Each structure stands twice: as C-alpha cells, then as structure tokens.
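**Q** Sending over protein_34.txt (compact mmCIF, N, CA and C atoms).
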# COMPACT_ATOMS: atom_id res chain seq x y z
N MET V 715 -2.63 95.96 48.17
CA MET V 715 -3.38 95.08 49.05
C MET V 715 -2.44 94.30 49.98
N ILE V 716 -1.33 93.81 49.40
CA ILE V 716 -0.37 93.06 50.20
C ILE V 716 0.29 93.98 51.22
N ALA V 717 0.60 95.19 50.83
CA ALA V 717 1.22 96.15 51.74
C ALA V 717 0.30 96.45 52.92
N LEU V 718 -1.00 96.51 52.67
CA LEU V 718 -1.96 96.77 53.73
C LEU V 718 -2.01 95.61 54.72
N SER V 719 -1.97 94.38 54.23
CA SER V 719 -2.01 93.22 55.12
C SER V 719 -0.69 93.09 55.89
N ILE V 720 0.43 93.44 55.26
CA ILE V 720 1.71 93.41 55.97
C ILE V 720 1.71 94.45 57.09
N LYS V 721 1.15 95.61 56.82
CA LYS V 721 1.06 96.66 57.83
C LYS V 721 0.17 96.21 59.00
N ALA V 722 -0.94 95.55 58.70
CA ALA V 722 -1.85 95.07 59.74
C ALA V 722 -1.16 94.01 60.60
N VAL V 723 -0.44 93.10 59.95
CA VAL V 723 0.28 92.06 60.70
C VAL V 723 1.36 92.68 61.56
N THR V 724 2.08 93.67 61.04
CA THR V 724 3.13 94.35 61.79
C THR V 724 2.55 95.04 63.02
N ILE V 725 1.42 95.68 62.87
CA ILE V 725 0.78 96.35 64.01
C ILE V 725 0.35 95.32 65.05
N LYS V 726 -0.18 94.19 64.61
CA LYS V 726 -0.62 93.15 65.56
C LYS V 726 0.57 92.57 66.30
N VAL V 727 1.67 92.32 65.61
CA VAL V 727 2.87 91.77 66.25
C VAL V 727 3.45 92.79 67.23
N ALA V 728 3.50 94.05 66.84
CA ALA V 728 4.01 95.09 67.73
C ALA V 728 3.12 95.22 68.96
N SER V 729 1.83 95.13 68.79
CA SER V 729 0.90 95.20 69.92
C SER V 729 1.10 94.02 70.86
N LEU V 730 1.31 92.84 70.31
CA LEU V 730 1.54 91.64 71.12
C LEU V 730 2.84 91.78 71.91
N ILE V 731 3.89 92.24 71.28
CA ILE V 731 5.17 92.42 71.97
C ILE V 731 5.03 93.47 73.08
N LEU V 732 4.37 94.55 72.80
CA LEU V 732 4.15 95.60 73.81
C LEU V 732 3.34 95.07 74.99
N ALA V 733 2.30 94.31 74.70
CA ALA V 733 1.48 93.73 75.78
C ALA V 733 2.30 92.77 76.63
N CYS V 734 3.16 91.99 76.00
CA CYS V 734 4.01 91.06 76.75
C CYS V 734 5.00 91.81 77.63
N LEU V 735 5.58 92.88 77.11
CA LEU V 735 6.54 93.66 77.89
C LEU V 735 5.86 94.35 79.07
N LEU V 736 4.67 94.85 78.87
CA LEU V 736 3.97 95.54 79.94
C LEU V 736 3.46 94.57 81.01
N SER V 737 3.22 93.33 80.65
CA SER V 737 2.70 92.38 81.62
C SER V 737 3.80 91.77 82.48
N VAL V 738 5.06 92.02 82.15
CA VAL V 738 6.16 91.47 82.93
C VAL V 738 6.10 91.98 84.36
N THR V 739 5.70 93.22 84.56
CA THR V 739 5.63 93.77 85.91
C THR V 739 4.59 93.07 86.77
N SER V 740 3.62 92.44 86.17
CA SER V 740 2.60 91.75 86.96
C SER V 740 3.13 90.46 87.56
N TYR V 741 4.29 90.01 87.13
CA TYR V 741 4.88 88.80 87.68
C TYR V 741 5.86 89.09 88.80
N ALA V 742 5.94 90.32 89.28
CA ALA V 742 6.84 90.68 90.36
C ALA V 742 6.44 89.93 91.63
N ALA V 743 7.44 89.61 92.43
CA ALA V 743 7.20 88.85 93.65
C ALA V 743 6.49 89.71 94.68
N ILE V 744 5.55 89.12 95.36
CA ILE V 744 4.84 89.78 96.44
C ILE V 744 5.18 89.02 97.72
N ASP V 745 5.70 89.75 98.70
CA ASP V 745 6.07 89.12 99.96
C ASP V 745 4.83 88.85 100.79
N VAL V 746 4.70 87.63 101.22
CA VAL V 746 3.58 87.25 102.07
C VAL V 746 4.16 86.63 103.34
N TYR V 747 3.99 87.35 104.43
CA TYR V 747 4.49 86.87 105.71
C TYR V 747 3.31 86.76 106.67
N ASP V 748 3.34 85.76 107.51
CA ASP V 748 2.28 85.51 108.47
C ASP V 748 2.75 86.01 109.83
N PHE V 749 2.12 87.06 110.33
CA PHE V 749 2.49 87.63 111.62
C PHE V 749 1.49 87.20 112.69
N ASP V 750 1.97 87.19 113.93
CA ASP V 750 1.11 86.81 115.06
C ASP V 750 0.17 87.95 115.46
N SER V 751 0.60 89.18 115.20
CA SER V 751 -0.23 90.32 115.60
C SER V 751 -0.02 91.48 114.62
N VAL V 752 -0.89 92.45 114.75
CA VAL V 752 -0.79 93.65 113.92
C VAL V 752 0.45 94.45 114.30
N GLN V 753 0.84 94.40 115.59
CA GLN V 753 2.03 95.11 116.04
C GLN V 753 3.29 94.56 115.38
N GLN V 754 3.36 93.24 115.24
CA GLN V 754 4.52 92.65 114.58
C GLN V 754 4.59 93.08 113.11
N GLU V 755 3.46 93.12 112.46
CA GLU V 755 3.45 93.55 111.06
C GLU V 755 3.85 95.01 110.94
N ALA V 756 3.37 95.86 111.84
CA ALA V 756 3.76 97.27 111.83
C ALA V 756 5.25 97.42 112.11
N GLN V 757 5.77 96.63 113.03
CA GLN V 757 7.21 96.65 113.32
C GLN V 757 8.01 96.25 112.08
N TYR V 758 7.57 95.21 111.39
CA TYR V 758 8.23 94.74 110.18
C TYR V 758 8.21 95.83 109.10
N ARG V 759 7.05 96.40 108.85
CA ARG V 759 6.93 97.43 107.82
C ARG V 759 7.82 98.64 108.14
N GLY V 760 7.85 99.03 109.40
CA GLY V 760 8.69 100.16 109.80
C GLY V 760 10.17 99.89 109.59
N LEU V 761 10.59 98.68 109.94
CA LEU V 761 12.01 98.35 109.82
C LEU V 761 12.46 98.22 108.37
N ILE V 762 11.65 97.60 107.52
CA ILE V 762 12.09 97.45 106.13
C ILE V 762 12.03 98.78 105.38
N GLU V 763 11.24 99.74 105.89
CA GLU V 763 11.26 101.08 105.31
C GLU V 763 12.52 101.83 105.75
N GLU V 764 13.02 101.50 106.94
CA GLU V 764 14.17 102.19 107.51
C GLU V 764 15.50 101.66 106.99
N PHE V 765 15.56 100.37 106.67
CA PHE V 765 16.82 99.77 106.23
C PHE V 765 17.04 99.98 104.74
N ARG V 766 18.29 100.25 104.39
CA ARG V 766 18.69 100.49 103.01
C ARG V 766 19.19 99.18 102.40
N CYS V 767 18.87 98.95 101.14
CA CYS V 767 19.35 97.77 100.43
C CYS V 767 20.85 97.93 100.17
N PRO V 768 21.67 96.94 100.55
CA PRO V 768 23.12 97.06 100.32
C PRO V 768 23.50 97.09 98.84
N LYS V 769 22.69 96.51 97.99
CA LYS V 769 23.01 96.47 96.56
C LYS V 769 22.49 97.69 95.82
N CYS V 770 21.27 98.10 96.13
CA CYS V 770 20.62 99.19 95.42
C CYS V 770 21.06 100.52 96.02
N GLN V 771 21.24 101.51 95.18
CA GLN V 771 21.60 102.84 95.65
C GLN V 771 20.34 103.60 96.05
N ASN V 772 20.31 104.05 97.28
CA ASN V 772 19.23 104.88 97.80
C ASN V 772 17.84 104.26 97.63
N GLN V 773 17.74 102.99 97.91
CA GLN V 773 16.44 102.31 97.89
C GLN V 773 16.34 101.48 99.17
N ASN V 774 15.18 101.55 99.80
CA ASN V 774 15.03 100.78 101.03
C ASN V 774 14.67 99.33 100.71
N LEU V 775 14.65 98.50 101.76
CA LEU V 775 14.34 97.09 101.55
C LEU V 775 12.92 96.89 101.03
N ALA V 776 12.01 97.75 101.45
CA ALA V 776 10.61 97.59 101.03
C ALA V 776 10.45 97.77 99.53
N GLY V 777 11.26 98.63 98.93
CA GLY V 777 11.11 98.90 97.51
C GLY V 777 12.06 98.14 96.62
N SER V 778 12.88 97.29 97.20
CA SER V 778 13.90 96.60 96.41
C SER V 778 13.51 95.14 96.16
N ASP V 779 13.79 94.68 94.94
CA ASP V 779 13.56 93.28 94.60
C ASP V 779 14.87 92.52 94.43
N ALA V 780 15.99 93.11 94.85
CA ALA V 780 17.28 92.45 94.74
C ALA V 780 17.29 91.21 95.64
N PRO V 781 18.02 90.17 95.25
CA PRO V 781 18.07 88.95 96.08
C PRO V 781 18.53 89.20 97.51
N ILE V 782 19.51 90.08 97.69
CA ILE V 782 19.97 90.35 99.06
C ILE V 782 18.88 91.06 99.86
N ALA V 783 18.09 91.90 99.21
CA ALA V 783 16.98 92.56 99.91
C ALA V 783 15.94 91.54 100.34
N GLN V 784 15.67 90.57 99.49
CA GLN V 784 14.73 89.51 99.86
C GLN V 784 15.25 88.73 101.08
N ASP V 785 16.56 88.44 101.08
CA ASP V 785 17.15 87.72 102.22
C ASP V 785 17.08 88.55 103.50
N LEU V 786 17.34 89.85 103.37
CA LEU V 786 17.29 90.71 104.55
C LEU V 786 15.86 90.87 105.07
N LYS V 787 14.90 90.95 104.18
CA LYS V 787 13.50 91.01 104.62
C LYS V 787 13.13 89.73 105.37
N GLN V 788 13.59 88.60 104.86
CA GLN V 788 13.32 87.32 105.54
C GLN V 788 13.98 87.29 106.92
N LYS V 789 15.21 87.83 107.02
CA LYS V 789 15.91 87.86 108.30
C LYS V 789 15.19 88.77 109.29
N VAL V 790 14.73 89.93 108.81
CA VAL V 790 13.96 90.83 109.69
C VAL V 790 12.70 90.13 110.17
N TYR V 791 12.04 89.43 109.27
CA TYR V 791 10.83 88.68 109.64
C TYR V 791 11.16 87.63 110.71
N ASP V 792 12.24 86.89 110.50
CA ASP V 792 12.63 85.86 111.47
C ASP V 792 12.95 86.46 112.84
N LEU V 793 13.65 87.59 112.84
CA LEU V 793 13.97 88.23 114.11
C LEU V 793 12.72 88.75 114.81
N ILE V 794 11.78 89.25 114.06
CA ILE V 794 10.52 89.72 114.66
C ILE V 794 9.75 88.53 115.24
N LYS V 795 9.74 87.41 114.52
CA LYS V 795 9.05 86.22 115.03
C LYS V 795 9.72 85.70 116.30
N ASP V 796 11.04 85.97 116.45
CA ASP V 796 11.75 85.59 117.68
C ASP V 796 11.54 86.60 118.80
N ARG V 797 10.65 87.56 118.54
CA ARG V 797 10.27 88.59 119.51
C ARG V 797 11.44 89.49 119.89
N ARG V 798 12.26 89.86 118.91
CA ARG V 798 13.36 90.79 119.15
C ARG V 798 12.82 92.21 119.06
N SER V 799 13.44 93.11 119.80
CA SER V 799 13.02 94.52 119.77
C SER V 799 13.61 95.20 118.54
N ASP V 800 13.11 96.40 118.26
CA ASP V 800 13.63 97.18 117.14
C ASP V 800 15.12 97.46 117.32
N ALA V 801 15.51 97.81 118.55
CA ALA V 801 16.92 98.12 118.82
C ALA V 801 17.80 96.90 118.58
N GLU V 802 17.35 95.73 118.99
CA GLU V 802 18.13 94.50 118.77
C GLU V 802 18.27 94.20 117.28
N ILE V 803 17.21 94.41 116.53
CA ILE V 803 17.26 94.14 115.09
C ILE V 803 18.16 95.16 114.40
N ARG V 804 18.10 96.43 114.81
CA ARG V 804 18.99 97.44 114.24
C ARG V 804 20.45 97.10 114.54
N ASP V 805 20.73 96.71 115.79
CA ASP V 805 22.10 96.34 116.16
C ASP V 805 22.58 95.14 115.35
N TYR V 806 21.71 94.16 115.16
CA TYR V 806 22.07 92.98 114.38
C TYR V 806 22.45 93.37 112.96
N MET V 807 21.64 94.20 112.34
CA MET V 807 21.89 94.62 110.95
C MET V 807 23.14 95.49 110.85
N GLN V 808 23.32 96.40 111.81
CA GLN V 808 24.49 97.27 111.75
C GLN V 808 25.78 96.51 112.04
N ASP V 809 25.72 95.50 112.87
CA ASP V 809 26.91 94.67 113.11
C ASP V 809 27.34 93.96 111.84
N ARG V 810 26.39 93.54 111.03
CA ARG V 810 26.72 92.77 109.82
C ARG V 810 26.96 93.63 108.58
N TYR V 811 26.26 94.76 108.46
CA TYR V 811 26.33 95.56 107.24
C TYR V 811 26.85 96.97 107.46
N GLY V 812 27.17 97.32 108.68
CA GLY V 812 27.70 98.65 108.96
C GLY V 812 26.60 99.70 109.03
N ASP V 813 27.03 100.94 109.17
CA ASP V 813 26.08 102.04 109.30
C ASP V 813 25.35 102.34 108.00
N PHE V 814 25.88 101.83 106.87
CA PHE V 814 25.25 102.09 105.57
C PHE V 814 23.84 101.50 105.50
N ILE V 815 23.57 100.44 106.26
CA ILE V 815 22.29 99.73 106.18
C ILE V 815 21.13 100.61 106.64
N SER V 816 21.44 101.62 107.46
CA SER V 816 20.37 102.43 108.04
C SER V 816 20.31 103.81 107.41
N TYR V 817 19.09 104.29 107.16
CA TYR V 817 18.91 105.66 106.72
C TYR V 817 19.12 106.64 107.87
N LYS V 818 19.09 106.14 109.10
CA LYS V 818 19.31 106.96 110.28
C LYS V 818 20.49 106.38 111.06
N PRO V 819 21.72 106.63 110.61
CA PRO V 819 22.87 106.07 111.32
C PRO V 819 23.01 106.69 112.70
N PRO V 820 23.59 105.94 113.65
CA PRO V 820 23.74 106.48 115.00
C PRO V 820 24.76 107.62 115.03
N VAL V 821 24.61 108.51 116.02
CA VAL V 821 25.55 109.61 116.18
C VAL V 821 26.75 109.07 116.95
N ARG V 822 27.88 108.98 116.27
CA ARG V 822 29.15 108.55 116.86
C ARG V 822 30.26 109.25 116.08
N PRO V 823 31.48 109.25 116.57
CA PRO V 823 32.55 109.99 115.88
C PRO V 823 32.70 109.64 114.39
N SER V 824 32.46 108.40 114.03
CA SER V 824 32.61 108.03 112.62
C SER V 824 31.48 108.58 111.74
N THR V 825 30.38 109.02 112.34
CA THR V 825 29.27 109.56 111.54
C THR V 825 29.00 111.04 111.82
N TRP V 826 29.90 111.69 112.55
CA TRP V 826 29.70 113.11 112.85
C TRP V 826 29.58 113.94 111.59
N ILE V 827 30.35 113.61 110.56
CA ILE V 827 30.30 114.40 109.33
C ILE V 827 28.91 114.33 108.68
N LEU V 828 28.26 113.18 108.81
CA LEU V 828 26.90 113.04 108.26
C LEU V 828 25.89 113.89 109.02
N TRP V 829 26.07 113.96 110.32
CA TRP V 829 25.09 114.64 111.16
C TRP V 829 25.34 116.14 111.27
N PHE V 830 26.64 116.54 111.37
CA PHE V 830 26.93 117.93 111.72
C PHE V 830 27.43 118.78 110.55
N PHE V 831 27.93 118.21 109.48
CA PHE V 831 28.45 119.00 108.37
C PHE V 831 27.35 119.78 107.65
N PRO V 832 26.22 119.19 107.30
CA PRO V 832 25.19 119.98 106.59
C PRO V 832 24.69 121.20 107.37
N PRO V 833 24.37 121.07 108.69
CA PRO V 833 23.94 122.28 109.40
C PRO V 833 25.06 123.32 109.53
N LEU V 834 26.30 122.86 109.75
CA LEU V 834 27.41 123.80 109.84
C LEU V 834 27.64 124.52 108.51
N LEU V 835 27.54 123.80 107.42
CA LEU V 835 27.68 124.41 106.11
C LEU V 835 26.59 125.46 105.88
N LEU V 836 25.37 125.14 106.27
CA LEU V 836 24.27 126.10 106.14
C LEU V 836 24.54 127.36 106.96
N ILE V 837 25.01 127.18 108.18
CA ILE V 837 25.30 128.33 109.05
C ILE V 837 26.41 129.20 108.44
N VAL V 838 27.47 128.55 107.96
CA VAL V 838 28.57 129.30 107.34
C VAL V 838 28.08 130.04 106.11
N LEU V 839 27.28 129.41 105.28
CA LEU V 839 26.76 130.08 104.09
C LEU V 839 25.85 131.26 104.45
N LEU V 840 25.01 131.09 105.47
CA LEU V 840 24.15 132.19 105.90
C LEU V 840 24.96 133.36 106.46
N ILE V 841 26.00 133.05 107.26
CA ILE V 841 26.85 134.11 107.80
C ILE V 841 27.55 134.84 106.66
N GLY V 842 28.07 134.08 105.69
CA GLY V 842 28.73 134.70 104.53
C GLY V 842 27.76 135.55 103.73
N TRP V 843 26.54 135.10 103.58
CA TRP V 843 25.53 135.84 102.82
C TRP V 843 25.19 137.17 103.53
N PHE V 844 24.99 137.09 104.87
CA PHE V 844 24.67 138.30 105.62
C PHE V 844 25.86 139.25 105.67
N TRP V 845 27.06 138.70 105.71
CA TRP V 845 28.26 139.52 105.77
C TRP V 845 28.45 140.31 104.48
N GLN V 846 28.08 139.71 103.36
CA GLN V 846 28.19 140.39 102.06
C GLN V 846 27.24 141.56 102.05
Re-express the file's structure as structure tokens.

**A**
Amino acid sequence: MIALSIKAVTIKVASLILACLLSVTSYAAIDVYDFDSVQQEAQYRGLIEEFRCPKCQNQNLAGSDAPIAQDLKQKVYDLIKDRRSDAEIRDYMQDRYGDFISYKPPVRPSTWILWFFPPLLLIVLLIGWFWQ
C-alpha cells in the first residue's frame, strides 16, 4: 500500500516538473514595436530576416533571443523610425559588424570566394564527370 502511494506521489511530482519545464517557453519575450505604417513594419520584418545574429550560428535576428540580437532589432527599429532606407540600414550594419551580418554579402573582392567558388566547383565537377 505504501509503495503504491509513493509511486503515485512520484508520478505527480514528475508531472509537475515536466509541466514547469514545458511552460518555460511560454515566457519567451515577444517584440512589440509601434510602426507608423504597414510599409515600415514590412521593411522591419524583411531586414531582421536578412540580418544574421553575430552571436548565434546561422540564425537570423528574427529567430534569435540573444541579447545582442535584441539590441540589433531595436537599432533596426530606430533607424526605420528615422526614415532610413534599406540600403542605409544595410550600410550601417555592415560598417559596424562586417559582411558577416548579412546573409547576402555584397559582391566585392573580399567576398568573391563566397559568390564564385560554389558555381566554379560545380562546373569543374560536371566537366570531370562528363570527361570520365
């Protein structure tokens, strides 16, 4: 009888712990920004999808909860409220964080390997395959 009540208590405690762990995600921060127009909000959403979080590997600002990502989202919001264009905001971010901040880095000599190596490798592999 005692073993049965201990088992019941253990199951209840385990269920409580599991419920607490699963509810932690409901406390995640939700960004609430007040935009003047729908265009500004669309501009914001597009830019935070395009910018990469400097701390997180391969995660954009929209999907990151890192403190630096929160700061960068706030900065993008501030620049949009100052009526800056997308190009000005991209330049601002690239000046401060380098080409790593963007999923679409500009084509320049320092990024040629990113832009031209994969297609060249594909062409070389296809030529080698056909030659065989």

**Q** Find the residues around stretch 747-756 of chain V up to 8 Å (only C-alpha atoms counted), leave out those fewer than 2 positions away in its own chain, and share them as a PyMOL selection string.

**A** chain V and resi 745+758-760+791+794-795

**Q** For a test of reading the model, state the distance in Å between atom N of V:Gln757 and atom C of V:Arg797, rounded to one decimal.

**A**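 Taking atom N of V:Gln757 and atom C of V:Arg797, their separation equals 11.4 Å.
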
**Q** At a cut-off of 6 Å from (20.0, 103.0, 101.5) in the coordinates of the file, what residues are picked up using only N, CA and C atoms, written as a PyMOL selection string?

**A** chain V and resi 765-767+771-774+814-817

**Q** What gap, in Å, lies between atom CA of V:Tyr806 and atom C of V:Phe830?

**A** 26.6 Å

**Q** Between atom CA of V:Asp805 and atom CA of V:Val821, what distance in Å does the model show, to one decimal?

**A**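 Going from atom CA of V:Asp805 over to atom CA of V:Val821, I get 13.7 Å.
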
**Q** Around all of stretch 778-797 of chain V's listed atoms, make the axis-aligned box with 5 Å on each side and tell me centre and edge lengths in Å to one decimal, as lines of an AutoDock Vina configuration file.

**A**
center_x = 14.5
center_y = 91.4
center_z = 107.2
size_x = 20.9
size_y = 21.7
size_z = 35.5

**Q** DSSP on the backbone: what in stretch 748-826 of chain V comes out helix (DSSP H, G or I), as number ranges by chain?

**A** V: 752-764, 775-777, 781-795, 800-811, 813-815, 823-826

**Q** With only C-alpha atoms as the atoms that count, which of V:Cys770, V:Gln846, V:Asp800, V:Glu763 lies nearest to V:Lys787?

**A**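 Residue with the minimum atom-to-atom distance to V:Lys787: V:Glu763.
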